[in-house]
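Shown below: model_7.txt, with compact mmCIF, C-alpha atoms and all ligand atoms.
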```
# COMPACT_ATOMS: atom_id res chain seq x y z
CA MET A 71 0.00 0.00 0.00
CA ILE A 72 2.77 2.45 0.94
CA GLU A 73 4.71 1.59 -2.24
CA LYS A 74 1.65 2.52 -4.23
CA LEU A 75 1.32 5.69 -2.18
CA VAL A 76 4.81 6.91 -3.09
CA THR A 77 4.35 5.93 -6.71
CA SER A 78 1.12 7.93 -6.74
CA SER A 79 -0.88 5.08 -8.19
CA LEU A 80 -2.99 4.41 -5.12
CA LYS A 81 -6.68 4.56 -5.92
CA LEU A 82 -8.88 5.71 -3.05
CA GLY A 83 -12.62 5.19 -3.39
CA VAL A 84 -14.96 7.44 -1.41
CA ILE A 85 -18.68 6.78 -0.94
CA ALA A 86 -20.23 9.48 -1.27
CA GLY A 87 -19.53 12.98 -2.65
CA GLY A 88 -21.02 15.33 -0.07
CA GLN A 89 -18.95 17.95 1.76
CA LEU A 90 -17.14 15.39 3.89
CA GLY A 91 -16.18 13.42 0.79
CA LYS A 92 -14.97 16.61 -0.84
CA MET A 93 -12.80 17.54 2.14
CA LEU A 94 -11.35 14.03 2.34
CA ILE A 95 -10.47 14.03 -1.35
CA GLN A 96 -8.86 17.46 -1.07
CA GLU A 97 -6.56 16.08 1.64
CA ALA A 98 -5.84 12.92 -0.37
CA SER A 99 -4.85 15.08 -3.33
CA ARG A 100 -2.09 16.69 -1.22
CA TRP A 101 -0.48 13.22 -1.13
CA ASP A 102 -1.16 12.77 -4.83
CA ILE A 103 -3.57 9.89 -4.21
CA SER A 104 -6.03 9.25 -7.06
CA SER A 105 -9.56 9.62 -5.81
CA TYR A 106 -12.76 8.04 -7.07
CA VAL A 107 -16.13 9.15 -5.79
CA LEU A 108 -19.55 7.48 -5.99
CA ASP A 109 -22.63 9.66 -5.74
CA PRO A 110 -26.06 9.73 -7.40
CA ASP A 111 -25.93 13.51 -7.81
CA GLU A 112 -23.87 14.76 -10.75
CA GLY A 113 -23.70 18.15 -9.07
CA CYS A 114 -22.33 16.73 -5.78
CA SER A 115 -19.74 18.72 -3.81
CA ALA A 116 -16.84 16.28 -4.40
CA ARG A 117 -17.25 15.96 -8.14
CA ASN A 118 -14.96 18.85 -9.05
CA VAL A 119 -12.11 17.70 -6.81
CA ALA A 120 -12.20 13.94 -7.50
CA ASN A 121 -10.10 12.38 -10.28
CA VAL A 122 -12.99 10.10 -11.25
CA TYR A 123 -16.68 10.64 -10.63
CA VAL A 124 -18.98 7.61 -10.81
CA LYS A 125 -22.72 8.16 -10.86
CA GLY A 126 -24.49 5.58 -8.73
CA ASP A 127 -26.64 4.81 -5.75
CA PHE A 128 -24.78 3.89 -2.56
CA ARG A 129 -27.78 1.80 -1.43
CA ASP A 130 -27.62 -0.35 -4.55
CA PHE A 131 -25.54 -3.56 -4.48
CA ASP A 132 -24.43 -3.44 -8.12
CA ASP A 133 -23.47 0.24 -8.05
CA VAL A 134 -21.42 -0.07 -4.87
CA TYR A 135 -19.80 -3.35 -5.95
CA ALA A 136 -18.81 -2.10 -9.43
CA PHE A 137 -17.44 1.10 -7.89
CA GLY A 138 -15.40 -0.73 -5.24
CA LYS A 139 -13.84 -3.05 -7.84
CA GLN A 140 -12.10 -0.06 -9.43
CA VAL A 141 -10.14 1.02 -6.34
CA ASP A 142 -7.44 -0.27 -3.95
CA ILE A 143 -8.92 1.07 -0.77
CA LEU A 144 -12.51 2.05 -0.09
CA THR A 145 -13.89 4.31 2.62
CA TYR A 146 -17.09 6.26 3.16
CA GLU A 147 -18.46 9.53 4.43
CA LEU A 148 -21.99 8.36 5.33
CA GLU A 149 -23.53 5.26 6.92
CA ASP A 150 -26.47 4.47 4.69
CA ILE A 151 -24.60 2.16 2.28
CA ASN A 152 -25.38 -1.29 0.85
CA ILE A 153 -23.56 -3.51 3.38
CA GLU A 154 -23.75 -6.72 1.31
CA ALA A 155 -21.78 -5.04 -1.49
CA LEU A 156 -19.11 -3.85 0.97
CA GLN A 157 -18.89 -7.36 2.45
CA GLN A 158 -18.49 -8.90 -1.02
CA LEU A 159 -15.75 -6.38 -1.88
CA LYS A 160 -13.95 -7.24 1.36
CA ALA A 161 -14.24 -10.96 0.49
CA ASP A 162 -12.76 -10.15 -2.95
CA GLY A 163 -9.71 -8.60 -1.28
CA ILE A 164 -10.51 -4.88 -1.57
CA LYS A 165 -9.54 -2.98 1.57
CA VAL A 166 -12.83 -1.63 2.90
CA LEU A 167 -12.18 0.57 5.92
CA PRO A 168 -13.77 0.91 8.41
CA ASP A 169 -14.79 -2.75 8.21
CA PRO A 170 -18.30 -3.43 6.82
CA ASP A 171 -19.19 -5.50 9.91
CA THR A 172 -18.50 -2.46 12.10
CA LEU A 173 -20.63 -0.31 9.81
CA ALA A 174 -23.46 -2.89 10.00
CA LEU A 175 -23.40 -2.66 13.80
CA ILE A 176 -23.34 1.14 13.79
CA GLN A 177 -26.08 1.44 11.14
CA ASP A 178 -28.46 -0.11 13.67
CA LYS A 179 -29.07 2.06 16.75
CA GLY A 180 -30.38 -1.00 18.64
CA LEU A 181 -27.19 -3.04 18.02
CA GLN A 182 -25.09 0.01 18.93
CA LYS A 183 -26.79 0.31 22.32
CA GLU A 184 -26.43 -3.44 22.95
CA PHE A 185 -22.72 -3.08 22.21
CA TYR A 186 -22.30 -0.37 24.87
CA THR A 187 -24.23 -2.44 27.41
CA LYS A 188 -22.20 -5.56 26.60
CA HIS A 189 -19.00 -3.60 27.26
CA GLN A 190 -20.45 -1.99 30.40
CA MET A 191 -20.13 1.49 28.99
CA PRO A 192 -22.40 4.31 30.22
CA THR A 193 -25.47 4.96 28.06
CA SER A 194 -29.13 5.68 28.84
CA PRO A 195 -31.37 2.63 29.55
CA PHE A 196 -33.16 1.38 26.41
CA LYS A 197 -35.31 -1.32 24.83
CA CYS A 198 -35.98 -2.32 21.21
CA TYR A 199 -39.46 -2.69 19.69
CA GLU A 200 -40.51 -4.10 16.31
CA ASN A 201 -43.36 -1.67 15.64
CA VAL A 202 -45.76 0.97 16.99
CA GLU A 203 -48.18 -1.69 18.33
CA GLU A 204 -45.45 -3.20 20.53
CA ILE A 205 -44.62 0.25 21.94
CA GLU A 206 -48.31 0.97 22.60
CA LYS A 207 -48.66 -2.37 24.40
CA ALA A 208 -45.63 -1.60 26.57
CA ILE A 209 -47.16 1.78 27.47
CA ALA A 210 -50.55 0.22 28.26
CA SER A 211 -48.96 -2.40 30.53
CA GLY A 212 -46.86 0.19 32.35
CA ALA A 213 -43.58 -1.35 31.16
CA LEU A 214 -42.81 1.89 29.31
CA THR A 215 -43.54 5.31 30.79
CA TYR A 216 -43.52 8.86 29.40
CA PRO A 217 -41.42 10.75 28.56
CA PHE A 218 -39.11 8.71 26.34
CA VAL A 219 -37.09 9.13 23.17
CA GLN A 220 -37.95 6.91 20.21
CA LYS A 221 -35.31 6.37 17.52
CA LEU A 222 -35.76 4.39 14.33
CA ARG A 223 -33.11 1.68 14.39
CA LYS A 224 -31.99 2.47 10.85
CA GLY A 225 -31.80 5.36 8.41
CA GLY A 226 -32.08 8.38 10.75
CA TYR A 227 -29.87 11.45 10.36
CA ASP A 228 -29.64 15.01 11.68
CA GLY A 229 -32.54 14.45 14.06
CA HIS A 230 -34.81 12.77 11.46
CA GLY A 231 -35.93 9.42 12.84
CA VAL A 232 -35.65 10.68 16.42
CA SER A 233 -38.72 11.75 18.39
CA LEU A 234 -39.25 12.90 21.94
CA ILE A 235 -42.51 11.35 23.09
CA LYS A 236 -43.75 13.40 26.04
CA ASP A 237 -47.25 11.99 26.37
CA ALA A 238 -50.07 10.20 24.54
CA ASN A 239 -50.62 13.23 22.26
CA ASP A 240 -47.24 12.76 20.55
CA THR A 241 -47.21 10.55 17.46
CA LEU A 242 -44.99 7.48 17.48
CA LEU A 243 -42.63 6.90 14.55
CA ASP A 244 -43.51 3.96 12.33
CA GLY A 245 -40.82 1.27 12.21
CA ALA A 246 -38.46 -0.93 14.21
CA SER A 247 -37.19 1.31 16.99
CA MET A 248 -34.87 1.71 19.90
CA VAL A 249 -36.61 3.48 22.75
CA GLU A 250 -34.53 5.09 25.48
CA ASP A 251 -35.00 7.15 28.62
CA LYS A 252 -35.09 10.87 28.11
CA VAL A 253 -31.85 12.31 29.42
CA ASP A 254 -31.84 15.66 31.24
CA ILE A 255 -29.12 17.05 29.01
CA ALA A 256 -26.83 19.77 30.35
CA LYS A 257 -24.36 19.59 27.45
CA GLU A 258 -23.72 17.68 24.24
CA ILE A 259 -20.09 17.00 23.41
CA ALA A 260 -18.19 14.90 20.88
CA VAL A 261 -14.77 13.28 20.68
CA ILE A 262 -13.25 12.01 17.45
CA ALA A 263 -10.96 9.01 17.79
CA ALA A 264 -8.74 7.43 15.15
CA ARG A 265 -7.11 4.00 15.05
CA ASN A 266 -4.75 2.40 12.55
CA ALA A 267 -4.15 -1.30 11.86
CA LYS A 268 -1.17 -1.33 14.24
CA GLY A 269 -3.66 -0.50 16.99
CA GLU A 270 -2.40 3.03 17.61
CA VAL A 271 -5.22 5.27 18.90
CA ARG A 272 -5.43 9.05 19.16
CA CYS A 273 -8.34 11.27 20.19
CA PHE A 274 -9.02 14.91 19.39
CA PRO A 275 -9.96 17.14 22.34
CA ALA A 276 -13.72 17.25 23.00
CA VAL A 277 -15.92 19.80 21.27
CA GLU A 278 -19.18 21.18 22.67
CA MET A 279 -22.28 21.58 20.53
CA SER A 280 -25.15 23.99 20.69
CA PHE A 281 -28.28 23.25 18.71
CA SER A 282 -30.77 25.51 16.97
CA GLU A 283 -34.16 25.20 18.69
CA GLU A 284 -35.88 25.82 15.37
CA THR A 285 -34.23 23.18 13.16
CA ASN A 286 -32.65 20.90 15.79
CA LEU A 287 -29.44 20.97 13.70
CA VAL A 288 -26.09 21.74 15.28
CA GLU A 289 -25.67 25.50 15.04
CA GLU A 290 -22.39 26.18 16.78
CA ILE A 291 -19.55 23.91 17.90
CA PHE A 292 -16.77 25.22 20.06
CA CYS A 293 -13.47 23.75 21.05
CA PRO A 294 -12.13 23.12 23.60
CA ALA A 295 -15.42 22.18 25.29
CA ASN A 296 -16.20 23.73 28.64
CA LEU A 297 -15.56 20.61 30.75
CA THR A 298 -13.84 19.73 33.98
CA LEU A 299 -10.48 18.00 33.50
CA LYS A 300 -12.06 14.80 34.79
CA GLN A 301 -14.97 14.99 32.31
CA ALA A 302 -12.60 15.64 29.39
CA GLU A 303 -10.50 12.66 30.47
CA VAL A 304 -13.49 10.34 30.83
CA ALA A 305 -14.88 11.33 27.40
CA GLU A 306 -11.53 10.68 25.69
CA LEU A 307 -11.08 7.41 27.54
CA LEU A 308 -14.54 6.22 26.49
CA ALA A 309 -13.93 7.17 22.83
CA HIS A 310 -10.62 5.29 23.01
CA GLU A 311 -12.32 2.23 24.52
CA ILE A 312 -15.12 2.20 21.94
CA ILE A 313 -12.82 2.32 18.91
CA GLU A 314 -10.65 -0.38 20.48
CA ASN A 315 -13.59 -2.61 21.45
CA LEU A 316 -14.93 -2.26 17.91
CA ASP A 317 -11.46 -3.32 16.71
CA MET A 318 -11.95 -0.57 14.17
CA VAL A 319 -9.53 0.99 11.70
CA GLY A 320 -10.55 4.50 10.68
CA LEU A 321 -12.17 7.49 12.28
CA LEU A 322 -14.93 7.33 14.88
CA ALA A 323 -16.95 10.34 16.03
CA VAL A 324 -18.44 9.69 19.46
CA GLU A 325 -21.31 11.87 20.63
CA PHE A 326 -21.98 12.15 24.37
CA PHE A 327 -24.58 13.68 26.62
CA ILE A 328 -23.55 15.18 29.94
CA ASP A 329 -26.63 15.11 32.14
CA THR A 330 -27.59 17.64 34.77
CA LYS A 331 -25.81 15.49 37.41
CA GLY A 332 -22.55 15.73 35.44
CA GLN A 333 -22.67 12.10 34.34
CA ILE A 334 -21.29 11.29 30.86
CA LEU A 335 -23.46 9.05 28.68
CA ILE A 336 -22.68 7.75 25.18
CA ASN A 337 -25.33 8.85 22.70
CA GLU A 338 -24.14 7.44 19.38
CA VAL A 339 -21.14 7.02 17.11
CA ALA A 340 -20.38 7.59 13.42
CA PRO A 341 -17.53 5.67 11.71
CA ARG A 342 -16.50 8.50 9.38
CA PRO A 343 -15.42 12.14 9.26
CA HIS A 344 -17.91 14.26 11.15
CA ASN A 345 -19.38 17.72 11.39
CA SER A 346 -17.96 17.95 14.91
CA GLY A 347 -14.46 17.72 13.42
CA HIS A 348 -14.65 20.53 10.85
CA HIS A 349 -12.60 22.81 13.11
CA THR A 350 -9.62 20.41 12.94
CA ILE A 351 -8.90 21.68 9.40
CA ASP A 352 -8.08 25.16 10.71
CA ALA A 353 -7.49 24.71 14.43
CA ALA A 354 -5.58 21.44 15.00
CA VAL A 355 -2.15 20.12 14.01
CA THR A 356 -3.76 17.31 12.01
CA SER A 357 -7.18 17.54 10.36
CA GLN A 358 -9.71 14.75 10.88
CA LEU A 359 -9.44 14.02 7.15
CA LYS A 360 -5.66 13.62 7.22
CA GLN A 361 -6.07 11.48 10.33
CA LEU A 362 -8.52 9.21 8.52
CA LEU A 363 -6.06 8.79 5.64
CA ARG A 364 -3.24 8.03 8.08
CA ALA A 365 -5.46 5.47 9.85
CA ILE A 366 -6.62 3.59 6.76
CA LEU A 367 -3.13 3.63 5.19
CA ASN A 368 -1.68 2.32 8.48
CA LEU A 369 0.61 5.33 8.84
CA PRO A 370 1.58 6.82 12.21
CA LEU A 371 -1.34 8.93 13.45
CA GLY A 372 -0.88 12.70 13.57
CA SER A 373 -0.89 14.99 16.58
CA THR A 374 -4.43 15.87 17.67
CA ALA A 375 -3.27 18.96 19.58
CA LEU A 376 -5.24 22.15 19.02
CA THR A 377 -3.35 25.08 17.54
CA THR A 378 -5.98 27.56 18.72
CA SER A 379 -9.47 27.84 20.20
CA SER A 380 -12.30 27.87 17.69
CA VAL A 381 -15.99 28.05 16.95
CA MET A 382 -17.55 26.28 13.99
CA LEU A 383 -20.81 27.55 12.48
CA ASN A 384 -22.80 25.55 9.97
CA LEU A 385 -23.86 27.76 7.08
CA LEU A 386 -27.47 26.78 6.56
CA GLY A 387 -29.87 27.92 3.86
CA GLU A 388 -32.10 30.76 5.16
CA ALA A 389 -35.80 30.12 5.63
CA GLY A 390 -37.85 31.18 2.62
CA HIS A 391 -34.93 30.95 0.16
CA VAL A 392 -34.96 28.28 -2.54
CA GLY A 393 -32.89 28.40 -5.73
CA PRO A 394 -29.41 29.42 -6.96
CA VAL A 395 -27.28 30.34 -3.96
CA HIS A 396 -25.86 33.72 -3.01
CA TYR A 397 -23.66 34.23 0.08
CA GLU A 398 -24.59 37.59 1.55
CA GLY A 399 -21.91 39.20 3.76
CA PHE A 400 -19.03 37.07 2.45
CA VAL A 401 -16.74 40.06 1.83
CA GLU A 402 -17.53 41.70 5.18
CA CYS A 403 -16.69 38.44 7.01
CA MET A 404 -13.36 38.17 5.23
CA ALA A 405 -12.39 41.44 6.93
CA ILE A 406 -12.59 39.78 10.38
CA ASP A 407 -9.31 38.14 11.44
CA GLY A 408 -9.42 34.39 11.91
CA VAL A 409 -12.64 33.78 9.95
CA LYS A 410 -12.27 30.74 7.68
CA ILE A 411 -15.15 30.25 5.28
CA HIS A 412 -15.68 26.84 3.67
CA LEU A 413 -18.26 26.61 0.89
CA TYR A 414 -19.31 23.15 -0.24
CA GLY A 415 -20.10 24.12 -3.82
CA LYS A 416 -23.79 23.24 -3.72
CA LYS A 417 -25.42 25.33 -6.42
CA MET A 418 -28.94 25.39 -5.01
CA THR A 419 -29.99 26.51 -1.56
CA ARG A 420 -33.12 25.55 0.37
CA PRO A 421 -34.12 26.18 4.00
CA SER A 422 -31.69 24.53 6.46
CA ARG A 423 -29.58 22.88 3.73
CA LYS A 424 -25.94 22.63 4.85
CA MET A 425 -24.19 24.87 2.30
CA GLY A 426 -20.90 25.40 4.06
CA HIS A 427 -19.31 26.10 7.40
CA VAL A 428 -17.22 28.80 8.99
CA THR A 429 -14.46 28.19 11.50
CA ILE A 430 -13.67 31.20 13.63
CA LEU A 431 -10.33 31.23 15.43
CA GLY A 432 -9.65 33.06 18.66
CA ASN A 433 -7.18 33.25 21.53
CA SER A 434 -9.97 31.88 23.70
CA VAL A 435 -13.36 30.27 23.07
CA GLU A 436 -14.96 33.47 24.42
CA GLU A 437 -13.14 35.61 21.85
CA ALA A 438 -14.02 33.21 19.03
CA ARG A 439 -17.67 33.10 20.15
CA SER A 440 -17.96 36.87 20.16
CA LYS A 441 -16.55 37.04 16.61
CA ALA A 442 -18.98 34.24 15.68
CA GLU A 443 -21.89 36.46 16.76
CA GLU A 444 -20.74 39.07 14.21
CA VAL A 445 -20.39 36.42 11.51
CA LYS A 446 -23.91 35.13 12.24
CA LYS A 447 -25.31 38.63 11.76
CA LEU A 448 -23.40 39.24 8.52
CA LEU A 449 -23.26 35.97 6.63
CA LYS A 450 -26.54 34.69 5.17
CA VAL A 451 -27.21 31.93 2.67
CA LYS A 452 -29.84 33.31 0.33
CA SER A 453 -31.14 32.66 -3.12
CA CYS A 454 -30.31 35.22 -5.81
CA GLN A 455 -33.64 34.44 -7.46
CA MET A 456 -36.15 36.12 -5.14
P1 LIG B 501 -29.14 11.76 14.90
O1 LIG B 501 -28.54 10.46 14.57
O2 LIG B 501 -30.27 12.11 14.00
O3 LIG B 501 -28.14 12.87 15.09
P2 LIG B 501 -29.35 11.65 17.81
O4 LIG B 501 -29.44 10.34 18.47
O5 LIG B 501 -28.02 12.35 17.93
O6 LIG B 501 -29.84 11.52 16.31
O7 LIG B 501 -30.46 12.61 18.39
C1 LIG B 501 -30.67 13.93 17.91
C2 LIG B 501 -30.84 14.88 19.08
O8 LIG B 501 -31.99 14.53 19.87
C3 LIG B 501 -29.68 14.85 20.07
O9 LIG B 501 -28.61 15.66 19.66
C4 LIG B 501 -30.34 15.34 21.36
O10 LIG B 501 -30.42 16.75 21.38
C5 LIG B 501 -31.74 14.74 21.26
N1 LIG B 501 -31.77 13.43 21.98
C6 LIG B 501 -31.41 12.24 21.46
N2 LIG B 501 -31.51 11.27 22.38
C7 LIG B 501 -31.95 11.83 23.51
C8 LIG B 501 -32.27 11.36 24.82
N3 LIG B 501 -32.17 10.07 25.15
N4 LIG B 501 -32.70 12.25 25.73
C9 LIG B 501 -32.84 13.56 25.43
N5 LIG B 501 -32.57 14.07 24.22
C10 LIG B 501 -32.13 13.24 23.26
```

For the file at hand, write its structure as structure tokens.
Ligand code: ADP
Amino acid sequence: MIEKLVTSSLKLGVIAGGQLGKMLIQEASRWDISSYVLDPDEGCSARNVANVYVKGDFRDFDDVYAFGKQVDILTYELEDINIEALQQLKADGIKVLPDPDTLALIQDKGLQKEFYTKHQMPTSPFKCYENVEEIEKAIASGALTYPFVQKLRKGGYDGHGVSLIKDANDTLLDGASMVEDKVDIAKEIAVIAARNAKGEVRCFPAVEMSFSEETNLVEEIFCPANLTLKQAEVAELLAHEIIENLDMVGLLAVEFFIDTKGQILINEVAPRPHNSGHHTIDAAVTSQLKQLLRAILNLPLGSTALTTSSVMLNLLGEAGHVGPVHYEGFVECMAIDGVKIHLYGKKMTRPSRKMGHVTILGNSVEEARSKAEEVKKLLKVKSCQM
């Protein structure tokens, strides 16, 4: 693999071509790795940076299999992929990393929770149900009490497929679900861990997330998180333990809740680059993307030290704006020191669509957050066709 790397003939396949795929390919290009990307959308973010674009559906066996056959090493930037195709590619000798069996476990929120319980790791109490009728029966018998959080076992993202059920007036989601206790959340934090085939593990310092009440999407992520030393240590230790217990090679984003009693609970993991690691491009010695490449190529992992404090803002499409995108306030923001704007290259905006992100650097989180307030006022994702 390394020989191919230095001879520049290594072919890296990336499923799919969203912003995370684009960022990964940009990093791979700095090592002169040839990149292939699979995505159904011809206008996808990664298309213009990849050496080869392949149009195809990542949920379709034939599309994924034919794509994987063209590359030496295959990784992914989302979870919703045809697992059977990845398993067949692995059986054929293609390096699929992280391993398809790990992805299969993570794709299913029920199996994920069972994994934490099996390894005696802290997570909120839960139970799995096949359908709405089973949940209703459990409520009627008193086995399940309000409030609770219902999560579809498969296919959820960005809060879709997750529902807080407060009482009988709330509608249950239709489908096989994992139902867990509602946590009294004080903070949400995330730690990204990386592991290579030699078993070396490194974790980035924890970030803290704040969510928009309107859209339930992450609005602002700051780093370092405002934690006690002990909490930061425990979160990193848990991320380290999870990636090791999964025997995983690659990058793992671990999301945690800290409840009002200060207890750290594992919420969920993602085996890929993550929104909560965007800041590492501008504010850490090694970016999460470079770290993923190091991990899957079995190279020594890079330093995860922060170079500065930061705030990351998702640039979301403004409400009421649909059509060709226009970034209002771009020039004004460039005049503020330490503002790093990343645009994903999506041509069309719509309300709440992730169009880019901004990392704002500061000598302290407080300084970065105050600059972020200015950026929020200035920078708006609008449509130029109003
Ligand atoms: P997704 O995979 O869509 O990101 P999450 O499991 O992270 O779904 O849930 C989305 C959000 O819902 C969380 O960030 C948190 O704010 C809230 N949430 C999820 N689980 C719980 C819970 N058990 N108790 C309270 N709030 C929760």

Task: Contacts of A:Val249 within 7 Å, all atoms listed in the file, excl. fewer than 3 positions in-chain, as an MDAnalysis selection string - done: chainID A and resid 196:198 218:221

- [ ] Extract, using all atoms listed in the file, all DNA, RNA and protein residues at most 6 Å from A:Glu278, discarding same-chain residues fewer than 6 positions from it, and format them as a count of residues only.
- [x] 5

Open item on the list: Using only C-alpha atoms and all ligand atoms, which residues of the polymer chains come no farther than 8 Å from ligand LIG 501 (chain B)? I'd like the answer as JSON, numbers by chain.
Closed with: {"A": [194, 218, 219, 221, 226, 227, 228, 229, 230, 231, 232, 233, 234, 250, 251, 252, 253, 254, 255, 258, 281, 286, 288, 325, 327, 337, 338]}

Prev. selection, C-alpha atoms, output as a PDB file, keeping the file's coordinate frame:
```
ATOM      1  CA  SER A 194     -29.130   5.680  28.840  1.00  0.00           C
ATOM      2  CA  PHE A 218     -39.110   8.710  26.340  1.00  0.00           C
ATOM      3  CA  VAL A 219     -37.090   9.130  23.170  1.00  0.00           C
ATOM      4  CA  LYS A 221     -35.310   6.370  17.520  1.00  0.00           C
ATOM      5  CA  GLY A 226     -32.080   8.380  10.750  1.00  0.00           C
ATOM      6  CA  TYR A 227     -29.870  11.450  10.360  1.00  0.00           C
ATOM      7  CA  ASP A 228     -29.640  15.010  11.680  1.00  0.00           C
ATOM      8  CA  GLY A 229     -32.540  14.450  14.060  1.00  0.00           C
ATOM      9  CA  HIS A 230     -34.810  12.770  11.460  1.00  0.00           C
ATOM     10  CA  GLY A 231     -35.930   9.420  12.840  1.00  0.00           C
ATOM     11  CA  VAL A 232     -35.650  10.680  16.420  1.00  0.00           C
ATOM     12  CA  SER A 233     -38.720  11.750  18.390  1.00  0.00           C
ATOM     13  CA  LEU A 234     -39.250  12.900  21.940  1.00  0.00           C
ATOM     14  CA  GLU A 250     -34.530   5.090  25.480  1.00  0.00           C
ATOM     15  CA  ASP A 251     -35.000   7.150  28.620  1.00  0.00           C
ATOM     16  CA  LYS A 252     -35.090  10.870  28.110  1.00  0.00           C
ATOM     17  CA  VAL A 253     -31.850  12.310  29.420  1.00  0.00           C
ATOM     18  CA  ASP A 254     -31.840  15.660  31.240  1.00  0.00           C
ATOM     19  CA  ILE A 255     -29.120  17.050  29.010  1.00  0.00           C
ATOM     20  CA  GLU A 258     -23.720  17.680  24.240  1.00  0.00           C
ATOM     21  CA  PHE A 281     -28.280  23.250  18.710  1.00  0.00           C
ATOM     22  CA  ASN A 286     -32.650  20.900  15.790  1.00  0.00           C
ATOM     23  CA  VAL A 288     -26.090  21.740  15.280  1.00  0.00           C
ATOM     24  CA  GLU A 325     -21.310  11.870  20.630  1.00  0.00           C
ATOM     25  CA  PHE A 327     -24.580  13.680  26.620  1.00  0.00           C
ATOM     26  CA  ASN A 337     -25.330   8.850  22.700  1.00  0.00           C
ATOM     27  CA  GLU A 338     -24.140   7.440  19.380  1.00  0.00           C
TER      28      GLU A 338
END
```

Write out, as CSV, each residue of stretch 147-184 of chain A that has an atom at most 12 Å from stretch 93-108 of chain A, together with the closest pair of atoms and their distance in Å to one decimal, counting all atoms listed in the file, rows going by chain and rising number.
```
residue,atom,partner,partner_atom,distance
A:Glu147,CA,A:Leu94,CA,8.7
A:Leu148,CA,A:Leu108,CA,11.6
A:Ile151,CA,A:Leu108,CA,11.1
```

Residues of the last selection are to be written out with C-alpha atoms, as a PDB file, keeping the file's coordinate frame.
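Output below, filename again.pdb:
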```pdb
ATOM      1  CA  GLU A 147     -18.460   9.530   4.430  1.00  0.00           C
ATOM      2  CA  LEU A 148     -21.990   8.360   5.330  1.00  0.00           C
ATOM      3  CA  ILE A 151     -24.600   2.160   2.280  1.00  0.00           C
TER       4      ILE A 151
END
```

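When the distance limit is 8 Å and all atoms listed in the file are what count, the residues near A:Val134, minus those fewer than 5 positions from it on the same chain, are Leu108, Gly126, Asp127, Phe128, Arg129, Asn152, Ala155 and Leu156 of chain A.
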
Open item on the list: List as a ChimeraX atom specification the protein and nucleic acid residues near A:Ala302, meaning an atom at most 12 Å away when all atoms listed in the file are counted, but skip any in the same chain fewer than 2 places from it.
Closed with: /A:259-261,273-278,293-300,304-309,326,328,332-334

Can I get the selection written as an mmCIF file, keeping the file's coordinate frame, with C-alpha atoms?
```cif
data_model
loop_
_atom_site.group_PDB
_atom_site.id
_atom_site.type_symbol
_atom_site.label_atom_id
_atom_site.label_comp_id
_atom_site.auth_asym_id
_atom_site.auth_seq_id
_atom_site.Cartn_x
_atom_site.Cartn_y
_atom_site.Cartn_z
ATOM 1 C CA ILE A 259 -20.090 17.000 23.410
ATOM 2 C CA ALA A 260 -18.190 14.900 20.880
ATOM 3 C CA VAL A 261 -14.770 13.280 20.680
ATOM 4 C CA CYS A 273 -8.340 11.270 20.190
ATOM 5 C CA PHE A 274 -9.020 14.910 19.390
ATOM 6 C CA PRO A 275 -9.960 17.140 22.340
ATOM 7 C CA ALA A 276 -13.720 17.250 23.000
ATOM 8 C CA VAL A 277 -15.920 19.800 21.270
ATOM 9 C CA GLU A 278 -19.180 21.180 22.670
ATOM 10 C CA CYS A 293 -13.470 23.750 21.050
ATOM 11 C CA PRO A 294 -12.130 23.120 23.600
ATOM 12 C CA ALA A 295 -15.420 22.180 25.290
ATOM 13 C CA ASN A 296 -16.200 23.730 28.640
ATOM 14 C CA LEU A 297 -15.560 20.610 30.750
ATOM 15 C CA THR A 298 -13.840 19.730 33.980
ATOM 16 C CA LEU A 299 -10.480 18.000 33.500
ATOM 17 C CA LYS A 300 -12.060 14.800 34.790
ATOM 18 C CA VAL A 304 -13.490 10.340 30.830
ATOM 19 C CA ALA A 305 -14.880 11.330 27.400
ATOM 20 C CA GLU A 306 -11.530 10.680 25.690
ATOM 21 C CA LEU A 307 -11.080 7.410 27.540
ATOM 22 C CA LEU A 308 -14.540 6.220 26.490
ATOM 23 C CA ALA A 309 -13.930 7.170 22.830
ATOM 24 C CA PHE A 326 -21.980 12.150 24.370
ATOM 25 C CA ILE A 328 -23.550 15.180 29.940
ATOM 26 C CA GLY A 332 -22.550 15.730 35.440
ATOM 27 C CA GLN A 333 -22.670 12.100 34.340
ATOM 28 C CA ILE A 334 -21.290 11.290 30.860
#
```

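Separating atom CA of A:Arg265 from atom CA of A:Gly320 is a distance of 5.6 Å.
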
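The interatomic distance for the pair atom CA of A:Gly83 and atom CA of A:Val122 works out to 9.3 Å.
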
- [ ] Enumerate, as JSON, numbers by chain, the protein, DNA and RNA residues whose atoms approach (-14.9, 6.4, 17.7) to within 6 Å, taking into account only C-alpha atoms and the coordinate frame of the file.
- [x] {"A": [262, 263, 309, 312, 313, 322, 323, 324]}

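Comparing A:Val339, A:Leu214, A:Ile143, A:Lys416 by their smallest distance to A:Glu112, the closest is A:Lys416 (using all atoms listed in the file).
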
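With all atoms listed in the file as the atoms that count, the minimum distance from A:Ala267 to the choices A:Gly87, A:Pro168, A:Pro217, A:Gly225 is reached by A:Pro168.
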
Stretch 249-254 of chain A: axis-aligned bounding box, 4 Å on each side, centre and edge lengths in Å, one decimal, as JSON:
```
{"center_x": -34.2, "center_y": 9.6, "center_z": 27.0, "size_x": 12.8, "size_y": 20.2, "size_z": 16.5}
```

TODO: Can you work out the spacing between atom CA of A:Lys81 and atom CA of A:Lys139 in Å, to one decimal?
DONE: 10.6 Å
